[in-house]
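S.K.: Supplied in structure tokens, the structure appears directly below.
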Amino acid sequence: MLGPELVVALGLAIALTAAVADRIRVAPPVLLLVIGALLAFVPTFARVELPADAVLLLFLPALLYWESLTTSLREIRKNLRGIVLMGTLLVVVTAGVVATLLHLLGMPWGPAWVLGAAVAPTDATAVGVLTKMLPRRNVTVLRAESLVNDGTTLVVYGIAVAVTVGTQELTFWNVSGMLVLSYVGGVAAGLLAAWLGSLVLRRVDTVVLENMVTLLVPFAAFLGAEAIGASGVLAVVAAGIVVSQVAPKLDRAETRQQVRAFWSFLTYLLNGALFVLVGIEAMVAARQLEARELWTGVGLVLAVSVVLVLVRFAFEGALGGTVWLVTRRFGGEPREGRRDRLVSGFAGFRGAVSLAMAVAVPRTLESGGAFPDRDLIVFVTAGVVVVTIVGQALVLPAVLRRAALPEDESVGEERRYAERTAVEEALDALPRLARKAGADRAAVERVRKDLEAHLDVIQAREEDDDDHPALQRHDTTVALELALVRHKAATLLRLRDADEIDDLVLRQVRAGYDAEEARLEGSTPP
């Protein structure tokens, strides 16, 4: 039962983690799981039970939608072959190997496949947080793989759960039909939701409605796909990718600012809350296990974690060898080398999606009996998430030094190119736009000088000359303008405190100053 006490506890746990995780050098997801495990000892939280459907509906659409919106479609197209193979075939192979291992160790096939499916996918959010030191291309490939494999693994997971519960029969045609429906129906539902959202965006002219549309699209895509038995995850991913290409042409600057702020904060809260909730569930599940089962669970966590790394390396090795043979025979250059595969092999973090699937396992069968080994599934999944995040995050820096991947400066170069081109074309268009706007000569010359000064700054950055006079003037001007904006904001507060202006006036004028301050703070790229 989710109550006010749990909401407050989740908020405090997320705030505490944000404050101390970096200082004590602990990965935030691990600290959140630990806090959740400690909360399970509080009697109020020891009875928390998360509804299976609510976990998948509340957490996954939002988390995956934001990852889809912020990934690079161009990099996905460039590396589509590897992404598709890693996001589909590797997931099935991983789930099968883990299920076989668990069955050999005594777990029935049904729960073994459920647990295998739960730990099979890498997590897009964990990848984005824990691989910031990687070049952009590597991070994009890992995130895209995570988005694709979520859809694949949820199909495998759904089949395993349905067969174990007793609502589905395991036949070739049944499974094939579910796979086809899941992929085709999921993508179709996502495209339909994105298309409908785009139609609405073209017709609304208020920021609130535009933001409401962006909020409804992922949940509409998810529910629409689930209603026809397709993959809600693939629907969300497809909708997110389409919206990321279409929305910038339809919505306004204010809408985009609010969308970025809202979704960044929402997904941060949801991701943190999910880790805490699973920490609670994992500890509750552990307390339901007998001592022998608990030690068995610890052994399974270690065994499954090792198998996940080995299967990933073996698959990438086989895939790399196949690509090398094909390119050698037919010509061309393989996109991914041995050093990329080395890094990718250690970057298979598990995270929120695995935890959501584990907690979403139903508690009862169709016959009314308890779902076999459910507590063990939750405990092992949470343990595997911790081990992969902690172990691989500790190993990854050494692997990166060993791989010695070339530094990726393409983002900075493309940003400077984009800014320079935009300013140059703005200068060319200035006379025409000035006539259209009815601006006088003095205003045109003032704007021209600002654009030319901006262009000088961009060219100085391209030359990487920190001592260039244009850069020094720019930094000095920005510092002065920031000081003036903050001084004006302080004046507003003094007037409000002296009861010379109303709070409403303060908020209205301060909003413009806040936007100006944010623009100035972002005018110098990191």
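Going by the structure tokens order, chains are called A, B, ..., each with residues numbered from 1, while ligands are numbered from 1 in the order shown.
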Can you list, as an MDAnalysis selection string, every residue of segment 80-263 of chain A that DSSP puts in helix (DSSP H, G or I)?

M.R.: chainID A and resid 80:87 89:104 109:119 124:130 136:165 172:203 207:227 232:249 253:263

S.K.: Identify, on the basis of only C-alpha atoms, every residue whose closest approach to segment 147-151 of chain A does not exceed 10 Å; exclude the query and any residue fewer than 4 positions from it along the same chain; express the result as JSON, numbers by chain.

M.R.: {"A": [60, 64, 65, 67, 68, 71, 83, 84, 85, 86, 87, 88, 89, 90, 91, 92, 117, 118, 120, 121, 122, 123, 124, 125, 141, 142, 143, 155, 156, 157, 182, 183, 186, 230, 231, 232, 233, 234, 235, 236, 237, 238, 353, 354]}

S.K.: Between A:Thr153, A:Thr70, A:Gln245, A:Thr381, single out the one closest to Trp195 of chain A, counting only C-alpha atoms.

M.R.: A:Gln245

S.K.: May I ask which of the residues A:Val259, A:Ala27, A:Leu376, A:Ala18 is the closest one to Leu215 of chain A, counting only C-alpha atoms?

M.R.: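 Smallest separation from Leu215 of chain A among the options: A:Val259.
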
S.K.: Which one of A:Val304, A:Leu427, A:Leu319, A:Ala347 sits closest to Arg81 of chain A if you count only C-alpha atoms?

M.R.: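 Going through A:Val304, A:Leu427, A:Leu319, A:Ala347 one by one, the smallest distance to Arg81 of chain A is for A:Leu319.
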
S.K.: For atom CA of Phe265 of chain A and atom CA of Trp66 of chain A, quote the distance in Å rounded to one decimal.

M.R.: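 Answer for the atom CA of Phe265 of chain A to atom CA of Trp66 of chain A separation: 10.6 Å.
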
S.K.: Could you tell me which of A:Leu6, A:Val311, A:Ala483, A:Ala382 comes closest to Val48 of chain A if we count only C-alpha atoms?

M.R.: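 Smallest distance to Val48 of chain A is found for A:Leu6.
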
S.K.: Using only C-alpha atoms, which protein or nucleic acid residues come within 9 Å of Asp514 of chain A? Drop anything in the same chain fewer than 3 positions from it, and give the result as a PDB file with C-alpha atoms, in the first residue's frame.

M.R.:
ATOM      1  CA  VAL A 485      20.771  40.434 -13.926  1.00  0.00           C
ATOM      2  CA  ARG A 486      21.327  39.151 -10.394  1.00  0.00           C
ATOM      3  CA  ALA A 489      16.633  40.300  -9.248  1.00  0.00           C
ATOM      4  CA  VAL A 509       9.322  40.172 -13.848  1.00  0.00           C
ATOM      5  CA  ARG A 510      11.623  37.595 -12.229  1.00  0.00           C
ATOM      6  CA  ALA A 511      10.628  35.006 -14.855  1.00  0.00           C
ATOM      7  CA  GLU A 517      20.348  34.362 -16.425  1.00  0.00           C
ATOM      8  CA  ALA A 518      19.958  30.809 -17.729  1.00  0.00           C
ATOM      9  CA  ARG A 519      20.873  31.999 -21.239  1.00  0.00           C
TER      10      ARG A 519
END

S.K.: For Ala303 of chain A, work out the shell of residues within 10 Å, counting only C-alpha atoms and skipping chain neighbours fewer than 5 positions away, then give it as a compact mmCIF listing (two decimals) with N, CA, C and O atoms, in the first residue's frame.

M.R.:
# COMPACT_ATOMS: atom_id res chain seq x y z
N VAL A 98 20.90 -18.23 -18.93
CA VAL A 98 20.64 -18.07 -17.51
C VAL A 98 19.56 -19.03 -17.04
O VAL A 98 19.67 -19.65 -15.97
N LEU A 101 21.04 -22.48 -16.73
CA LEU A 101 21.87 -22.57 -15.52
C LEU A 101 21.01 -22.72 -14.28
O LEU A 101 21.27 -23.58 -13.42
N LEU A 102 19.97 -21.91 -14.17
CA LEU A 102 19.10 -21.97 -12.99
C LEU A 102 18.38 -23.31 -12.90
O LEU A 102 18.21 -23.86 -11.81
N GLY A 297 20.37 -18.02 -2.77
CA GLY A 297 20.15 -16.80 -3.54
C GLY A 297 21.43 -16.01 -3.74
O GLY A 297 21.69 -15.50 -4.85
N VAL A 298 22.26 -15.91 -2.70
CA VAL A 298 23.54 -15.21 -2.84
C VAL A 298 24.43 -15.91 -3.88
O VAL A 298 25.05 -15.26 -4.73
N LEU A 308 26.34 -13.54 -17.12
CA LEU A 308 25.93 -12.41 -17.95
C LEU A 308 27.13 -11.79 -18.66
O LEU A 308 27.06 -11.48 -19.86
N VAL A 384 21.75 -9.03 -8.65
CA VAL A 384 22.47 -8.95 -9.93
C VAL A 384 22.63 -7.49 -10.35
O VAL A 384 23.69 -7.08 -10.86

S.K.: Pick the closest to Lys249 of chain A from A:Ser198, A:Gln288, A:Thr100, A:Thr267: which is it, counting only C-alpha atoms?

M.R.: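 The answer is A:Ser198, which sits nearest to Lys249 of chain A.
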
S.K.: Atom CA of Phe379 of chain A and atom CA of Leu294 of chain A, how far apart in Å?

M.R.: 8.8 Å

S.K.: Contacts of Leu39 of chain A at 8 Å or less, counting only C-alpha atoms, minus same-chain residues fewer than 5 places along, as a list in words?

M.R.: Phe45, Ala46 and Ile280 of chain A

S.K.: Tell me, as a list in words, which residues lie within 7 Å of Val457 of chain A, counting only C-alpha atoms; anything in the same chain fewer than 4 positions away does not count.

M.R.: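 Answer for this query is Ala453, Arg461, Ala470 and Leu471 of chain A.
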
S.K.: Would you tabulate, counting only C-alpha atoms, all residues of segment 257-308 of chain A that have an atom at most 8 Å from an atom of segment 29-32 of chain A, showing the closest pair of atoms and their distance in Å to one decimal, sorted by chain then ascending number, as JSON lines?

M.R.:
{"residue": "A:Gly272", "atom": "CA", "partner": "A:Leu32", "partner_atom": "CA", "distance": 6.7}
{"residue": "A:Phe275", "atom": "CA", "partner": "A:Leu32", "partner_atom": "CA", "distance": 5.7}
{"residue": "A:Val276", "atom": "CA", "partner": "A:Leu32", "partner_atom": "CA", "distance": 5.1}
{"residue": "A:Gly279", "atom": "CA", "partner": "A:Leu32", "partner_atom": "CA", "distance": 7.4}

S.K.: Could you please take those selected residues and save all heavy atoms as a short mmCIF file (atom, residue, chain, number, x, y, z; two decimals), in the first residue's frame?

M.R.:
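Listed below is the output, selection12.cif:
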data_model
loop_
_atom_site.label_atom_id
_atom_site.label_comp_id
_atom_site.auth_asym_id
_atom_site.auth_seq_id
_atom_site.Cartn_x
_atom_site.Cartn_y
_atom_site.Cartn_z
N GLY A 272 14.92 6.87 -9.24
CA GLY A 272 15.33 6.74 -7.84
C GLY A 272 14.29 6.02 -7.00
O GLY A 272 14.63 5.16 -6.18
N PHE A 275 14.37 2.19 -7.55
CA PHE A 275 15.45 1.50 -6.85
C PHE A 275 15.15 1.36 -5.36
O PHE A 275 15.42 0.32 -4.75
CB PHE A 275 16.77 2.25 -7.06
CG PHE A 275 17.46 1.90 -8.35
CD1 PHE A 275 17.35 2.72 -9.46
CD2 PHE A 275 18.21 0.74 -8.47
CE1 PHE A 275 17.97 2.41 -10.65
CE2 PHE A 275 18.83 0.41 -9.66
CZ PHE A 275 18.72 1.25 -10.76
N VAL A 276 14.60 2.40 -4.75
CA VAL A 276 14.26 2.30 -3.33
C VAL A 276 13.18 1.26 -3.10
O VAL A 276 13.27 0.43 -2.18
CB VAL A 276 13.81 3.68 -2.79
CG1 VAL A 276 13.38 3.55 -1.33
CG2 VAL A 276 14.94 4.69 -2.90
N GLY A 279 14.54 -2.10 -3.39
CA GLY A 279 15.32 -2.42 -2.20
C GLY A 279 14.43 -2.91 -1.07
O GLY A 279 14.78 -3.87 -0.37
#

S.K.: So how many Å separate atom CA of Ile76 of chain A and atom CA of Val246 of chain A, to one decimal?

M.R.: 16.9 Å
